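Structure record follows, encoded as structure tokens.
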2 protein chains.
Amino acid sequence: MGRTRDNAVAQTEPVLLSKTELRQRLQQVGEAMYHHQHPFHIRMHAGQLTRGQMQAWVLNRFYYQSRIPIKDAIILSKSEDVAFRRAWRKRIVDHDGDHDGDGAGGIEKWLQLAEAAGLDRDYVISTQAILPGVRYAVDAYIDLVTHNTLLEAVSSSLTELFAGQLIALRMDALAKHYPWLQNGLAYFQGRLTQAPEDAAFAFDYAAEHAVTPQLQSLVIHSLERKCALLWAQLDALHYCYVEPGSLPPQPNIFRPESS
Amino acid sequence: MGRTRDNAVAQTEPVLLSKTELRQRLQQVGEAMYHHQHPFHIRMHAGQLTRGQMQAWVLNRFYYQSRIPIKDAIILSKSEDVAFRRAWRKRIVDHDGDHDGDGAGGIEKWLQLAEAAGLDRDYVISTQAILPGVRYAVDAYIDLVTHNTLLEAVSSSLTELFAGQLIALRMDALAKHYPWLQNGLAYFQGRLTQAPEDAAFAFDYAAEHAVTPQLQSLVIHSLERKCALLWAQLDALHYCYVEPGSLPPQPNIFRPESS
């Protein structure tokens, strides 16, 4: 059981849902809470963000990307099942890669996006300029998978059910509105196939292991929590860089050259 | 820093050791504390253990084997360095493998050893028959890597510096004295090359990152702690199955058919 029920939304389902019903229930959560509807993303996809705002997004989102293999290694370490660990290992390989060349992982590809956006690679890697609000939300993800059950940790990855559609939309929008990013889109290309594969595995695991209404509620709530921590990252970005555009006083925070 | 300094032996080194001196210091720890000198191993290699005692060893040691990828995933999750994580990932692959056939990992190979020893595979996997003393020692290893720094966690793997020599000796002894195990020795064959590779990486990491006498002392003490938890597993086995041969009262504990 989780330690905290932050912003609890999921109630215990009154009866055990079928696998199809559980999938529908998760879909409802995604439609209501996934960050595809966040004002920052809506502006991004409408071509309304400045270069500086896009840089702020790429830079801050790197912190999330950099924590994904750490998060996945924690999940891997929570399983006593060799077959599960083998399957989950794929995610670590996807993001860390095998080397920086042809076998580049998601983190390296995100750095290529950052460079295409005109950011210095080492500056991004240092994470010194990340907004505190973004950092807290990402660290909450590590906290979620560390301190909750394997089922909840796996379920928190179910936002991947909705990622494919958002990424397809994003690739079109970035190519159209921000052509100066065109050399940095390999990350999204990779995720187009990885995210649906990962989502299918995680959903099958959750559906198989959530054998009571209580456990199904934990699955649903873990997805809600994950949606909240993705959304909160964009809130911080939007507040600081778009509207009202009020930067925190820390000296290292990213300041666009002109926006 | 570690939470506990259990059975502290390492004192803070008075001056910073060179890499060669650090290697020598670790070698001294191994010669004094590594489990190659444990009475149980000495009897094993002299051909003095019964089939039942060998079964007890294979069965109980499985618990240790089964925790290795979990331990390594925890270590991986403690690093923010992609290159380190890529390198450490090899250990998880070595033990979990890719599948049960040609790509069998160390855990599967240990199960083959168990089957060669006449044990039921599912009985071994269940870990129901493990001695409490063995379980506590192995769980202490997970605790060590969870609650200490990355440097200490990595250093706890430095027993691999001594594993190659012990395994070579063991393969000869097992083939000579326990020929009924001959179809189960693939695990040791694999470790003959894996252990020295892993040890070299871990030692280089420790030597590079232990940049003060205090940190070098933590490296040395982590190796001592690891030696202690390997030794304690054999103490439990020896006490219960060899001399005096007093089994704990738990009903599920492994009882050799004849010994």
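Letters A, B, ... mark the chains of the structure tokens in the order given; residue numbers begin at 1 per chain; ligand numbers begin at 1, in order shown.
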Using only C-alpha atoms, which protein or nucleic acid residues come within 6 Å of region 101-112 of chain B? Drop anything in the same chain fewer than 6 positions from it, and give the result as a PyMOL selection string. chain B and resi 94-95+184+187
Write the residues of the preceding selection, restricted to C-alpha atoms, as an mmCIF file, in the first residue's frame.
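Final output, part-v6.cif:
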```cif
data_model
loop_
_atom_site.group_PDB
_atom_site.id
_atom_site.type_symbol
_atom_site.label_atom_id
_atom_site.label_comp_id
_atom_site.auth_asym_id
_atom_site.auth_seq_id
_atom_site.Cartn_x
_atom_site.Cartn_y
_atom_site.Cartn_z
ATOM 1 C CA ASP B 94 24.767 -11.919 -16.722
ATOM 2 C CA HIS B 95 22.469 -13.179 -13.984
ATOM 3 C CA GLY B 184 25.444 -28.512 -13.502
ATOM 4 C CA TYR B 187 27.424 -21.451 -13.757
#
```
As an MDAnalysis selection string, list the residues of region 3-222 of chain B assigned to helix (DSSP H, G or I) by DSSP on the backbone atoms of this structure. chainID B and resid 19:33 35:37 39:45 51:77 82:96 106:116 121:126 132:147 150:177 179:184 186:209 213:222
Give me the residues near region 189-195 of chain A as a list in words, where near means some atom within 8 Å (using only C-alpha atoms) and where sequence neighbours in that chain fewer than 2 positions away do not count. Asp94, Gly106, Glu160, Leu161, Ala163, Gly164, Ile167, Ala168, Leu185, Ala186, Tyr187, Glu197, Asp198 and Ala199 of chain A
Counting only C-alpha atoms, which residues from chain B have an atom at most 8 Å from any atom of chain A, and could you show them as an mmCIF file with N, CA, C and O atoms, in the first residue's frame?
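Writing done, so here's part.cif:
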```cif
data_model
loop_
_atom_site.group_PDB
_atom_site.id
_atom_site.type_symbol
_atom_site.label_atom_id
_atom_site.label_comp_id
_atom_site.auth_asym_id
_atom_site.auth_seq_id
_atom_site.Cartn_x
_atom_site.Cartn_y
_atom_site.Cartn_z
ATOM 1 N N SER B 66 19.705 -15.523 -6.289
ATOM 2 C CA SER B 66 18.448 -14.926 -6.732
ATOM 3 C C SER B 66 18.395 -13.441 -6.418
ATOM 4 O O SER B 66 17.612 -12.704 -7.020
ATOM 5 N N ARG B 67 19.191 -12.983 -5.461
ATOM 6 C CA ARG B 67 19.179 -11.574 -5.058
ATOM 7 C C ARG B 67 20.199 -10.735 -5.807
ATOM 8 O O ARG B 67 20.195 -9.499 -5.674
ATOM 9 N N PRO B 69 20.682 -9.900 -9.093
ATOM 10 C CA PRO B 69 20.192 -8.841 -10.004
ATOM 11 C C PRO B 69 19.413 -7.754 -9.271
ATOM 12 O O PRO B 69 19.419 -6.594 -9.694
ATOM 13 N N ILE B 70 18.759 -8.114 -8.189
ATOM 14 C CA ILE B 70 18.044 -7.118 -7.380
ATOM 15 C C ILE B 70 19.059 -6.146 -6.782
ATOM 16 O O ILE B 70 18.901 -4.922 -6.858
ATOM 17 N N LYS B 71 20.114 -6.714 -6.207
ATOM 18 C CA LYS B 71 21.189 -5.892 -5.650
ATOM 19 C C LYS B 71 21.793 -4.985 -6.732
ATOM 20 O O LYS B 71 22.034 -3.792 -6.497
ATOM 21 N N ASP B 72 22.029 -5.539 -7.909
ATOM 22 C CA ASP B 72 22.663 -4.745 -8.968
ATOM 23 C C ASP B 72 21.727 -3.680 -9.531
ATOM 24 O O ASP B 72 22.189 -2.606 -9.938
ATOM 25 N N ALA B 73 20.433 -3.949 -9.541
ATOM 26 C CA ALA B 73 19.480 -2.921 -9.992
ATOM 27 C C ALA B 73 19.434 -1.773 -8.988
ATOM 28 O O ALA B 73 19.300 -0.609 -9.368
ATOM 29 N N ILE B 74 19.561 -2.087 -7.717
ATOM 30 C CA ILE B 74 19.608 -1.018 -6.703
ATOM 31 C C ILE B 74 20.854 -0.165 -6.916
ATOM 32 O O ILE B 74 20.800 1.067 -6.888
ATOM 33 N N LEU B 76 22.527 0.209 -9.702
ATOM 34 C CA LEU B 76 22.317 0.964 -10.945
ATOM 35 C C LEU B 76 21.463 2.202 -10.674
ATOM 36 O O LEU B 76 21.740 3.297 -11.174
ATOM 37 N N SER B 77 20.425 2.033 -9.854
ATOM 38 C CA SER B 77 19.497 3.144 -9.589
ATOM 39 C C SER B 77 20.150 4.262 -8.769
ATOM 40 O O SER B 77 19.612 5.361 -8.686
ATOM 41 N N LYS B 78 21.287 3.977 -8.153
ATOM 42 C CA LYS B 78 21.953 4.997 -7.336
ATOM 43 C C LYS B 78 22.884 5.887 -8.157
ATOM 44 O O LYS B 78 23.449 6.843 -7.626
ATOM 45 N N SER B 79 23.072 5.572 -9.426
ATOM 46 C CA SER B 79 24.017 6.335 -10.244
ATOM 47 C C SER B 79 23.299 7.291 -11.180
ATOM 48 O O SER B 79 22.316 6.934 -11.823
ATOM 49 N N GLU B 80 23.823 8.503 -11.279
ATOM 50 C CA GLU B 80 23.289 9.488 -12.219
ATOM 51 C C GLU B 80 24.101 9.514 -13.519
ATOM 52 O O GLU B 80 23.870 10.371 -14.369
ATOM 53 N N VAL B 82 25.142 7.904 -16.986
ATOM 54 C CA VAL B 82 24.700 6.940 -18.007
ATOM 55 C C VAL B 82 25.767 5.884 -18.264
ATOM 56 O O VAL B 82 25.461 4.685 -18.371
ATOM 57 N N ARG B 85 25.894 3.333 -15.565
ATOM 58 C CA ARG B 85 24.713 2.449 -15.593
ATOM 59 C C ARG B 85 24.822 1.433 -16.720
ATOM 60 O O ARG B 85 24.462 0.265 -16.557
ATOM 61 N N ARG B 86 25.303 1.893 -17.901
ATOM 62 C CA ARG B 86 25.486 0.936 -19.005
ATOM 63 C C ARG B 86 26.424 -0.193 -18.592
ATOM 64 O O ARG B 86 26.182 -1.365 -18.884
ATOM 65 N N VAL B 93 22.304 -8.492 -16.757
ATOM 66 C CA VAL B 93 22.172 -9.375 -17.916
ATOM 67 C C VAL B 93 22.847 -10.718 -17.627
ATOM 68 O O VAL B 93 22.297 -11.788 -17.921
ATOM 69 N N ASP B 96 20.361 -12.494 -15.010
ATOM 70 C CA ASP B 96 18.991 -12.756 -15.469
ATOM 71 C C ASP B 96 18.967 -13.397 -16.853
ATOM 72 O O ASP B 96 17.998 -14.081 -17.197
ATOM 73 N N GLY B 97 19.995 -13.183 -17.653
ATOM 74 C CA GLY B 97 20.041 -13.727 -19.001
ATOM 75 C C GLY B 97 19.018 -13.068 -19.908
ATOM 76 O O GLY B 97 18.350 -12.108 -19.531
ATOM 77 N N ASP B 98 18.926 -13.596 -21.123
ATOM 78 C CA ASP B 98 17.947 -13.083 -22.078
ATOM 79 C C ASP B 98 16.751 -14.017 -22.188
ATOM 80 O O ASP B 98 15.635 -13.603 -22.402
#
```
Just to confirm, what's the straight-line distance from CA of Lys176 (chain B) to CA of Glu257 (chain B) in Å (one decimal)? 22.9 Å
Find the residues around region 171-175 of chain B up to 9 Å (only C-alpha atoms counted), leave out those fewer than 6 positions away in its own chain, and share them as a list of chain:residue names. B:Met44, B:His45, B:Ala46, B:Gly47, B:Leu181, B:Gln182, B:Leu185, B:Phe188, B:Gln189
Neighbours of His209 (chain A) within 10 Å (only C-alpha atoms; same-chain residues fewer than 6 positions away dropped), as a PyMOL selection string? chain A and resi 150-151+203+215-216+219
Counting only C-alpha atoms, the option among B:Ala200, B:Cys240, B:Ala207, B:Leu234 closest to Glu152 (chain B):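 Using only C-alpha atoms, Glu152 (chain B) sits closest to B:Ala207.
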Give me the residues near Ala140 (chain B) as an MDAnalysis selection string, where near means some atom within 12 Å (using only C-alpha atoms) and where sequence neighbours in that chain fewer than 3 positions away do not count. chainID B and resid 4 6 64 67 71 133:137 143:148 156 225:230 232:233
Create the file for the chosen residues now, containing N, CA and C atoms and written as a PDB file, in the first residue's frame.
```pdb
ATOM      1  N   THR B   4      25.451   2.006   9.636  1.00  0.00           N
ATOM      2  CA  THR B   4      26.002   1.155  10.674  1.00  0.00           C
ATOM      3  C   THR B   4      27.453   0.853  10.346  1.00  0.00           C
ATOM      4  N   ASP B   6      29.006  -2.094  11.286  1.00  0.00           N
ATOM      5  CA  ASP B   6      28.940  -3.414  11.901  1.00  0.00           C
ATOM      6  C   ASP B   6      30.319  -4.069  11.944  1.00  0.00           C
ATOM      7  N   TYR B  64      21.065 -16.471  -2.324  1.00  0.00           N
ATOM      8  CA  TYR B  64      22.051 -15.432  -2.660  1.00  0.00           C
ATOM      9  C   TYR B  64      22.029 -15.130  -4.161  1.00  0.00           C
ATOM     10  N   ARG B  67      19.191 -12.983  -5.461  1.00  0.00           N
ATOM     11  CA  ARG B  67      19.179 -11.574  -5.058  1.00  0.00           C
ATOM     12  C   ARG B  67      20.199 -10.735  -5.807  1.00  0.00           C
ATOM     13  N   LYS B  71      20.114  -6.714  -6.207  1.00  0.00           N
ATOM     14  CA  LYS B  71      21.189  -5.892  -5.650  1.00  0.00           C
ATOM     15  C   LYS B  71      21.793  -4.985  -6.732  1.00  0.00           C
ATOM     16  N   GLY B 133      19.442 -18.120   8.971  1.00  0.00           N
ATOM     17  CA  GLY B 133      20.744 -17.451   9.046  1.00  0.00           C
ATOM     18  C   GLY B 133      21.284 -17.062   7.682  1.00  0.00           C
ATOM     19  N   VAL B 134      21.013 -17.883   6.683  1.00  0.00           N
ATOM     20  CA  VAL B 134      21.419 -17.565   5.314  1.00  0.00           C
ATOM     21  C   VAL B 134      20.592 -16.394   4.794  1.00  0.00           C
ATOM     22  N   ARG B 135      19.313 -16.462   5.040  1.00  0.00           N
ATOM     23  CA  ARG B 135      18.416 -15.396   4.567  1.00  0.00           C
ATOM     24  C   ARG B 135      18.814 -14.040   5.160  1.00  0.00           C
ATOM     25  N   TYR B 136      19.107 -14.020   6.450  1.00  0.00           N
ATOM     26  CA  TYR B 136      19.446 -12.740   7.078  1.00  0.00           C
ATOM     27  C   TYR B 136      20.734 -12.159   6.489  1.00  0.00           C
ATOM     28  N   ALA B 137      21.695 -13.018   6.252  1.00  0.00           N
ATOM     29  CA  ALA B 137      22.967 -12.537   5.707  1.00  0.00           C
ATOM     30  C   ALA B 137      22.772 -11.968   4.298  1.00  0.00           C
ATOM     31  N   ASP B 143      20.434  -4.692   2.109  1.00  0.00           N
ATOM     32  CA  ASP B 143      20.403  -3.538   3.023  1.00  0.00           C
ATOM     33  C   ASP B 143      21.660  -2.673   2.846  1.00  0.00           C
ATOM     34  N   LEU B 144      22.799  -3.324   2.732  1.00  0.00           N
ATOM     35  CA  LEU B 144      24.068  -2.593   2.571  1.00  0.00           C
ATOM     36  C   LEU B 144      24.030  -1.705   1.328  1.00  0.00           C
ATOM     37  N   VAL B 145      23.606  -2.261   0.193  1.00  0.00           N
ATOM     38  CA  VAL B 145      23.626  -1.462  -1.041  1.00  0.00           C
ATOM     39  C   VAL B 145      22.496  -0.435  -1.066  1.00  0.00           C
ATOM     40  N   THR B 146      21.412  -0.719  -0.347  1.00  0.00           N
ATOM     41  CA  THR B 146      20.287   0.219  -0.333  1.00  0.00           C
ATOM     42  C   THR B 146      20.613   1.469   0.478  1.00  0.00           C
ATOM     43  N   HIS B 147      21.239   1.277   1.626  1.00  0.00           N
ATOM     44  CA  HIS B 147      21.328   2.365   2.607  1.00  0.00           C
ATOM     45  C   HIS B 147      22.700   3.016   2.690  1.00  0.00           C
ATOM     46  N   ASN B 148      23.604   2.681   1.799  1.00  0.00           N
ATOM     47  CA  ASN B 148      24.919   3.304   1.819  1.00  0.00           C
ATOM     48  C   ASN B 148      25.183   3.999   0.486  1.00  0.00           C
ATOM     49  N   SER B 156      31.325  -3.123  -2.188  1.00  0.00           N
ATOM     50  CA  SER B 156      30.912  -4.400  -1.607  1.00  0.00           C
ATOM     51  C   SER B 156      31.004  -5.536  -2.622  1.00  0.00           C
ATOM     52  N   ARG B 225      32.690  -5.953   5.081  1.00  0.00           N
ATOM     53  CA  ARG B 225      31.286  -6.279   5.368  1.00  0.00           C
ATOM     54  C   ARG B 225      30.772  -7.358   4.427  1.00  0.00           C
ATOM     55  N   LYS B 226      31.148  -7.252   3.159  1.00  0.00           N
ATOM     56  CA  LYS B 226      30.705  -8.262   2.195  1.00  0.00           C
ATOM     57  C   LYS B 226      31.314  -9.622   2.528  1.00  0.00           C
ATOM     58  N   CYS B 227      32.589  -9.622   2.883  1.00  0.00           N
ATOM     59  CA  CYS B 227      33.224 -10.890   3.286  1.00  0.00           C
ATOM     60  C   CYS B 227      32.470 -11.507   4.473  1.00  0.00           C
ATOM     61  N   ALA B 228      32.069 -10.648   5.404  1.00  0.00           N
ATOM     62  CA  ALA B 228      31.375 -11.147   6.594  1.00  0.00           C
ATOM     63  C   ALA B 228      30.049 -11.798   6.229  1.00  0.00           C
ATOM     64  N   LEU B 229      29.348 -11.211   5.296  1.00  0.00           N
ATOM     65  CA  LEU B 229      28.028 -11.780   4.987  1.00  0.00           C
ATOM     66  C   LEU B 229      28.119 -13.039   4.125  1.00  0.00           C
ATOM     67  N   LEU B 230      29.210 -13.182   3.382  1.00  0.00           N
ATOM     68  CA  LEU B 230      29.440 -14.469   2.702  1.00  0.00           C
ATOM     69  C   LEU B 230      29.811 -15.544   3.727  1.00  0.00           C
ATOM     70  N   ALA B 232      29.121 -15.650   6.930  1.00  0.00           N
ATOM     71  CA  ALA B 232      28.003 -15.988   7.832  1.00  0.00           C
ATOM     72  C   ALA B 232      27.046 -16.993   7.194  1.00  0.00           C
ATOM     73  N   GLN B 233      26.909 -16.937   5.869  1.00  0.00           N
ATOM     74  CA  GLN B 233      26.048 -17.923   5.198  1.00  0.00           C
ATOM     75  C   GLN B 233      26.599 -19.335   5.394  1.00  0.00           C
TER      76      GLN B 233
END
```
As a list in words, please: the residues near Tyr241 (chain A) (cut-off 12 Å, only C-alpha atoms, same-chain neighbours under 5 positions excluded).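 Listing them by chain and then by number gives Phe40, Leu49, Thr50, Arg51, Gly52, Gln53, Met54, Gln55, Ala56, Trp57, Asn60, Leu131, Leu234, Asp235, Ala236, Ser246, Leu247, Pro248, Ile253, Phe254, Arg255, Pro256, Ser258 and Ser259 of chain A.
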I'd like the interatomic distance between CA of Gln250 (chain A) and CA of Val124 (chain A), to a tenth of an Å.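 About the pair CA of Gln250 (chain A) and CA of Val124 (chain A): they are 16.6 Å apart.
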